[in-house]
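Asker: What follows is protein-v9.cif, made up of mmCIF, C-alpha atoms and all ligand atoms:
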```
data_my_file
#
loop_
_atom_site.group_PDB
_atom_site.id
_atom_site.type_symbol
_atom_site.label_atom_id
_atom_site.label_comp_id
_atom_site.auth_asym_id
_atom_site.auth_seq_id
_atom_site.Cartn_x
_atom_site.Cartn_y
_atom_site.Cartn_z
ATOM 1 C CA MET A 1 58.841 85.733 170.609
ATOM 2 C CA LEU A 2 58.132 88.059 167.721
ATOM 3 C CA THR A 3 54.628 88.007 166.420
ATOM 4 C CA GLY A 4 52.964 89.679 163.515
ATOM 5 C CA PRO A 5 50.145 89.284 161.075
ATOM 6 C CA GLY A 6 50.018 85.754 159.823
ATOM 7 C CA THR A 7 53.081 84.489 161.682
ATOM 8 C CA ALA A 8 50.988 81.976 163.589
ATOM 9 C CA ASN A 9 49.944 80.481 160.257
ATOM 10 C CA ILE A 10 53.424 79.829 158.957
ATOM 11 C CA PHE A 11 54.017 77.450 161.831
ATOM 12 C CA ALA A 12 50.523 75.968 162.014
ATOM 13 C CA ALA A 13 51.303 73.375 159.381
ATOM 14 C CA TRP A 14 54.382 72.158 161.223
ATOM 15 C CA ARG A 15 52.957 71.781 164.683
ATOM 16 C CA GLY A 16 53.451 68.314 166.036
ATOM 17 C CA GLU A 17 55.541 67.345 163.041
ATOM 18 C CA LYS A 18 59.146 66.246 162.923
ATOM 19 C CA TRP A 19 59.871 69.901 162.138
ATOM 20 C CA MET A 20 59.592 70.787 165.784
ATOM 21 C CA SER A 21 63.141 69.528 166.277
ATOM 22 C CA VAL A 22 64.335 71.636 163.332
ATOM 23 C CA LEU A 23 62.496 74.707 164.607
ATOM 24 C CA LEU A 24 64.154 74.401 167.993
ATOM 25 C CA GLY A 25 67.641 74.343 166.437
ATOM 26 C CA HIS A 26 69.946 77.296 166.986
ATOM 27 C CA VAL A 27 70.648 80.270 164.759
ATOM 28 C CA LEU A 28 73.372 82.865 165.227
ATOM 29 C CA VAL A 29 71.957 86.399 165.058
ATOM 30 C CA LEU A 30 74.244 89.143 163.772
ATOM 31 C CA ASN A 31 73.642 92.822 164.219
ATOM 32 C CA GLN A 32 73.260 94.959 161.097
ATOM 33 C CA ASN A 33 77.039 95.572 161.197
ATOM 34 C CA TYR A 34 77.720 91.780 161.336
ATOM 35 C CA GLU A 35 78.640 91.897 165.035
ATOM 36 C CA PRO A 36 77.443 88.703 166.772
ATOM 37 C CA LEU A 37 74.429 89.567 168.917
ATOM 38 C CA SER A 38 72.755 86.465 170.208
ATOM 39 C CA VAL A 39 71.629 82.936 169.551
ATOM 40 C CA CYS A 40 67.961 82.195 168.910
ATOM 41 C CA SER A 41 65.804 79.313 167.750
ATOM 42 C CA VAL A 42 65.246 78.542 164.072
ATOM 43 C CA ARG A 43 61.595 79.300 164.725
ATOM 44 C CA ARG A 44 62.334 82.820 165.918
ATOM 45 C CA ALA A 45 64.810 83.442 163.092
ATOM 46 C CA VAL A 46 62.269 82.341 160.482
ATOM 47 C CA VAL A 47 59.694 84.714 161.994
ATOM 48 C CA MET A 48 62.210 87.579 161.833
ATOM 49 C CA MET A 49 62.905 86.738 158.180
ATOM 50 C CA TYR A 50 59.191 86.470 157.449
ATOM 51 C CA LEU A 51 58.619 89.914 158.973
ATOM 52 C CA GLY A 52 61.481 91.372 156.955
ATOM 53 C CA LYS A 53 63.481 92.120 160.091
ATOM 54 C CA ALA A 54 66.361 89.811 159.269
ATOM 55 C CA GLU A 55 67.997 88.293 156.223
ATOM 56 C CA MET A 56 69.599 84.913 155.921
ATOM 57 C CA ILE A 57 73.400 85.028 155.732
ATOM 58 C CA GLU A 58 74.141 81.306 155.978
ATOM 59 C CA ARG A 59 71.833 78.437 155.300
ATOM 60 C CA PHE A 60 71.663 75.251 157.352
ATOM 61 C CA ASP A 61 72.445 72.403 154.943
ATOM 62 C CA GLY A 62 69.878 72.103 152.185
ATOM 63 C CA LYS A 63 66.990 71.853 154.593
ATOM 64 C CA VAL A 64 63.709 73.519 153.725
ATOM 65 C CA ILE A 65 60.709 74.045 155.964
ATOM 66 C CA ARG A 66 57.453 73.729 154.067
ATOM 67 C CA SER A 67 54.214 75.300 155.157
ATOM 68 C CA VAL A 68 50.890 75.215 153.371
ATOM 69 C CA TYR A 69 51.700 78.192 151.168
ATOM 70 C CA ARG A 70 55.427 78.310 150.725
ATOM 71 C CA SER A 71 58.751 76.917 151.843
ATOM 72 C CA TYR A 72 61.505 78.493 153.852
ATOM 73 C CA PRO A 73 65.191 77.591 153.897
ATOM 74 C CA VAL A 74 66.446 76.755 157.380
ATOM 75 C CA PRO A 75 68.855 79.501 158.431
ATOM 76 C CA SER A 76 72.111 79.000 160.309
ATOM 77 C CA VAL A 77 73.117 82.675 160.516
ATOM 78 C CA VAL A 78 70.823 85.685 160.088
ATOM 79 C CA ARG A 79 71.545 89.397 160.088
ATOM 80 C CA LEU A 80 69.236 92.082 161.386
ATOM 81 C CA GLY A 81 68.140 94.774 158.944
ATOM 82 C CA LEU A 82 68.451 97.504 161.564
ATOM 83 C CA TYR A 83 71.265 98.138 163.995
ATOM 84 C CA ILE A 84 70.104 97.607 167.547
ATOM 85 C CA HIS A 85 71.618 98.325 170.929
ATOM 86 C CA LEU A 86 71.158 95.473 173.335
ATOM 87 C CA PRO A 87 71.879 95.474 177.030
ATOM 88 C CA ARG A 88 75.075 93.504 177.462
ATOM 89 C CA LYS A 89 74.716 90.070 178.962
ATOM 90 C CA ARG A 90 76.171 89.762 182.433
ATOM 91 C CA VAL A 91 77.772 86.424 183.170
ATOM 92 C CA LEU A 92 77.574 85.387 186.795
ATOM 93 C CA LEU A 93 80.983 85.270 188.453
ATOM 94 C CA SER A 94 81.360 81.706 189.654
ATOM 95 C CA ARG A 95 83.973 78.999 189.819
ATOM 96 C CA LYS A 96 82.259 77.114 187.011
ATOM 97 C CA ASN A 97 82.160 80.199 184.767
ATOM 98 C CA ILE A 98 85.826 81.063 185.376
ATOM 99 C CA VAL A 99 86.779 77.555 184.248
ATOM 100 C CA LYS A 100 84.455 77.916 181.256
ATOM 101 C CA ARG A 101 85.838 81.340 180.303
ATOM 102 C CA ASP A 102 89.363 79.861 180.319
ATOM 103 C CA ASN A 103 88.266 76.846 178.247
ATOM 104 C CA HIS A 104 89.146 74.427 181.067
ATOM 105 C CA ARG A 105 92.803 75.290 180.421
ATOM 106 C CA CYS A 106 95.247 75.894 183.254
ATOM 107 C CA GLN A 107 96.352 79.488 182.728
ATOM 108 C CA TYR A 108 99.850 78.682 183.997
ATOM 109 C CA CYS A 109 100.898 75.407 182.343
ATOM 110 C CA GLY A 110 98.275 75.143 179.591
ATOM 111 C CA ARG A 111 97.043 71.686 180.546
ATOM 112 C CA THR A 112 93.396 70.975 179.859
ATOM 113 C CA VAL A 113 92.904 67.487 181.254
ATOM 114 C CA ALA A 114 93.755 67.869 184.933
ATOM 115 C CA PRO A 115 91.181 68.639 187.629
ATOM 116 C CA MET A 116 90.848 72.420 187.658
ATOM 117 C CA THR A 117 90.692 74.908 190.493
ATOM 118 C CA VAL A 118 90.279 78.661 190.560
ATOM 119 C CA ASP A 119 93.361 80.650 191.492
ATOM 120 C CA HIS A 120 93.533 84.227 192.759
ATOM 121 C CA VAL A 121 96.281 85.803 190.607
ATOM 122 C CA ILE A 122 96.991 88.295 193.380
ATOM 123 C CA PRO A 123 96.388 86.108 196.445
ATOM 124 C CA LYS A 124 93.629 87.079 198.820
ATOM 125 C CA LYS A 125 96.212 87.423 201.593
ATOM 126 C CA LEU A 126 97.864 90.166 199.555
ATOM 127 C CA GLY A 127 94.586 91.972 198.957
ATOM 128 C CA GLY A 128 93.548 90.183 195.740
ATOM 129 C CA ARG A 129 89.833 90.478 195.087
ATOM 130 C CA ASP A 130 87.131 88.116 193.864
ATOM 131 C CA ILE A 131 86.769 89.667 190.414
ATOM 132 C CA TRP A 132 86.983 88.312 186.846
ATOM 133 C CA GLU A 133 90.278 90.160 186.360
ATOM 134 C CA ASN A 134 91.903 88.416 189.340
ATOM 135 C CA LEU A 135 90.642 84.864 188.937
ATOM 136 C CA VAL A 136 91.968 82.208 186.579
ATOM 137 C CA CYS A 137 91.517 78.534 185.939
ATOM 138 C CA ALA A 138 94.540 76.648 187.311
ATOM 139 C CA CYS A 139 95.296 72.959 187.607
ATOM 140 C CA LEU A 140 95.711 71.597 191.100
ATOM 141 C CA ASP A 141 99.489 71.205 190.679
ATOM 142 C CA CYS A 142 100.012 74.808 189.569
ATOM 143 C CA ASN A 143 97.700 76.140 192.255
ATOM 144 C CA ASN A 144 99.631 74.269 194.945
ATOM 145 C CA LYS A 145 102.990 75.261 193.466
ATOM 146 C CA LYS A 146 102.023 78.943 193.301
ATOM 147 C CA GLY A 147 100.600 79.005 196.807
ATOM 148 C CA ASP A 148 100.144 82.459 198.310
ATOM 149 C CA ARG A 149 102.492 84.178 195.904
ATOM 150 C CA THR A 150 102.026 86.525 192.965
ATOM 151 C CA PRO A 151 102.849 85.101 189.499
ATOM 152 C CA ASP A 152 106.058 87.170 189.488
ATOM 153 C CA ARG A 153 107.167 85.827 192.849
ATOM 154 C CA ALA A 154 106.313 82.264 191.849
ATOM 155 C CA ARG A 155 107.896 82.783 188.411
ATOM 156 C CA MET A 156 104.732 81.464 186.838
ATOM 157 C CA MET A 157 103.613 83.449 183.799
ATOM 158 C CA LEU A 158 99.951 83.703 182.897
ATOM 159 C CA LEU A 159 98.976 82.511 179.396
ATOM 160 C CA HIS A 160 96.340 85.263 179.144
ATOM 161 C CA HIS A 161 95.390 88.249 181.203
ATOM 162 C CA PRO A 162 92.037 87.395 182.750
ATOM 163 C CA ARG A 163 89.131 89.645 181.847
ATOM 164 C CA ARG A 164 85.406 89.895 182.237
ATOM 165 C CA PRO A 165 83.665 87.988 179.412
ATOM 166 C CA ASP A 166 82.501 90.463 176.761
ATOM 167 C CA HIS A 167 79.584 89.921 174.426
ATOM 168 C CA LEU A 168 81.608 88.009 171.846
ATOM 169 C CA MET A 169 83.096 85.729 174.471
ATOM 170 C CA TYR A 170 79.634 85.237 175.912
ATOM 171 C CA ILE A 171 78.404 83.716 172.654
ATOM 172 C CA GLN A 172 81.626 81.767 172.023
ATOM 173 C CA ARG A 173 81.903 80.194 175.447
ATOM 174 C CA PHE A 174 78.590 80.514 177.213
ATOM 175 C CA ALA A 175 75.951 80.276 174.485
ATOM 176 C CA GLY A 176 78.180 77.818 172.622
ATOM 177 C CA VAL A 177 79.033 77.323 168.980
ATOM 178 C CA ASN A 178 76.432 75.033 167.510
ATOM 179 C CA ASP A 179 77.376 75.142 163.878
ATOM 180 C CA SER A 180 80.756 75.335 162.114
ATOM 181 C CA ARG A 181 79.263 78.003 159.802
ATOM 182 C CA TRP A 182 79.263 80.359 162.782
ATOM 183 C CA ARG A 183 83.007 80.229 163.302
ATOM 184 C CA ARG A 184 84.025 83.001 160.901
ATOM 185 C CA TYR A 185 81.392 85.353 162.348
ATOM 186 C CA LEU A 186 82.643 84.622 165.878
ATOM 187 C CA PHE A 187 86.265 85.179 164.792
ATOM 188 C CA LEU A 188 87.186 81.601 165.654
ATOM 189 C CA ASP A 189 88.812 80.822 162.282
HETATM 190 ZN ZN ZN A 201 98.816 73.952 185.532
#
```
As structure tokens, please, write out the structure in this file.
Ligand SMILES: [Zn+2]
Answerer:
Amino acid sequence: MLTGPGTANIFAAWRGEKWMSVLLGHVLVLNQNYEPLSVCSVRRAVVMMYLGKAEMIERFDGKVIRSVYRSYPVPSVVRLGLYIHLPRKRVLLSRKNIVKRDNHRCQYCGRTVAPMTVDHVIPKKLGGRDIWENLVCACLDCNNKKGDRTPDRARMMLLHHPRRPDHLMYIQRFAGVNDSRWRRYLFLD
């Protein structure tokens, strides 16, 4: 949490009010070059704006937060004034996260409703490893059909080449998209 002179006061008036739910809402944080960086609470974004560290790029509806001395628009997207380098988020390699990365879509037939499994593109028996680049979400039917064969051998083409989630994908898939105003900044439109 960022703190600074007087920042405690801007929230004092809202404590225990219905505003708590607004303050805990989510804001997309863009780097100075508009690259998506992270997701933070409205509370944190307002503090960054108050301290002059961020500017509001998109506003959340017409909502306004009022304190004793002034009112603040509720941000939906903010942009940092200075470019910062952040350590990249590492997403844990797990069955659940592979399915999430692939949007619960079978990477062979494209179905999204079937029960999903995780398939080794290059089968373990053929030396395939447990890495992001060798694991895809596959429906049970496709996984059974493919068996211990490579996609070429099974004549089953992959919809996408699997890759490790990068920072953008992290926000899109793992932090989630909470507001339609974020879509253009996350390159989803
Ligand atoms: Zn399938």
Asker: Looking at all atoms listed in the file, which of A:Lys124, A:Trp182, A:Val113, A:Pro165 is the one that sits closest to ligand ZN 201 (chain A)?
Answerer: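 Smallest separation from ligand ZN 201 (chain A) among the options: A:Val113.
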Asker: Please identify the residues whose atoms come within 9 Å of ligand ZN 201 (chain A), using all atoms listed in the file, and report them as a PDB file with C-alpha atoms, keeping the file's coordinate frame.
Answerer:
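Final file, result.pdb:
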```pdb
ATOM      1  CA  ARG A 105      92.803  75.290 180.421  1.00  0.00           C
ATOM      2  CA  CYS A 106      95.247  75.894 183.254  1.00  0.00           C
ATOM      3  CA  GLN A 107      96.352  79.488 182.728  1.00  0.00           C
ATOM      4  CA  TYR A 108      99.850  78.682 183.997  1.00  0.00           C
ATOM      5  CA  CYS A 109     100.898  75.407 182.343  1.00  0.00           C
ATOM      6  CA  GLY A 110      98.275  75.143 179.591  1.00  0.00           C
ATOM      7  CA  ARG A 111      97.043  71.686 180.546  1.00  0.00           C
ATOM      8  CA  THR A 112      93.396  70.975 179.859  1.00  0.00           C
ATOM      9  CA  ALA A 114      93.755  67.869 184.933  1.00  0.00           C
ATOM     10  CA  MET A 116      90.848  72.420 187.658  1.00  0.00           C
ATOM     11  CA  CYS A 137      91.517  78.534 185.939  1.00  0.00           C
ATOM     12  CA  ALA A 138      94.540  76.648 187.311  1.00  0.00           C
ATOM     13  CA  CYS A 139      95.296  72.959 187.607  1.00  0.00           C
ATOM     14  CA  LEU A 140      95.711  71.597 191.100  1.00  0.00           C
ATOM     15  CA  ASP A 141      99.489  71.205 190.679  1.00  0.00           C
ATOM     16  CA  CYS A 142     100.012  74.808 189.569  1.00  0.00           C
ATOM     17  CA  ASN A 143      97.700  76.140 192.255  1.00  0.00           C
TER      18      ASN A 143
END
```
Asker: As a check of understanding, name the residues that the PyMOL selection byres (((chain A and resi 84) around 8) and not hetatm) selects in the supplied structure, as a PyMOL selection string.
Answerer: chain A and resi 31-32+82-83+85-86
Asker: Restricting the calculation to all atoms listed in the file, which member of A:Gly25, A:Gly52, A:Pro36, A:Pro115 is positioned closest to Val74 (chain A)?
Answerer: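 So, comparing all the options, the nearest one is A:Gly25.
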Asker: Quick check, in Å to one decimal: how far apart do CA of Arg173 (chain A) and CA of Arg95 (chain A) lie?
Answerer: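 Atom-to-atom, CA of Arg173 (chain A) and CA of Arg95 (chain A) are spaced 14.6 Å apart.
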Asker: Considering all atoms listed in the file, state which residue in the set A:Leu93, A:Ile98, A:Ile171, A:Val47 is at the smallest distance from Tyr72 (chain A).
Answerer: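 Among the listed residues, A:Val47 lies closest to Tyr72 (chain A).
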Asker: Just the number, please: distance in Å from CA of Lys125 (chain A) to CA of Val91 (chain A), one decimal.
Answerer: 26.1 Å
Asker: Just give me the gap between CA of His26 (chain A) and CA of Ala175 (chain A) in Å, one decimal is fine.
Answerer: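 Pair CA of His26 (chain A) / CA of Ala175 (chain A) returns 10.1 Å.
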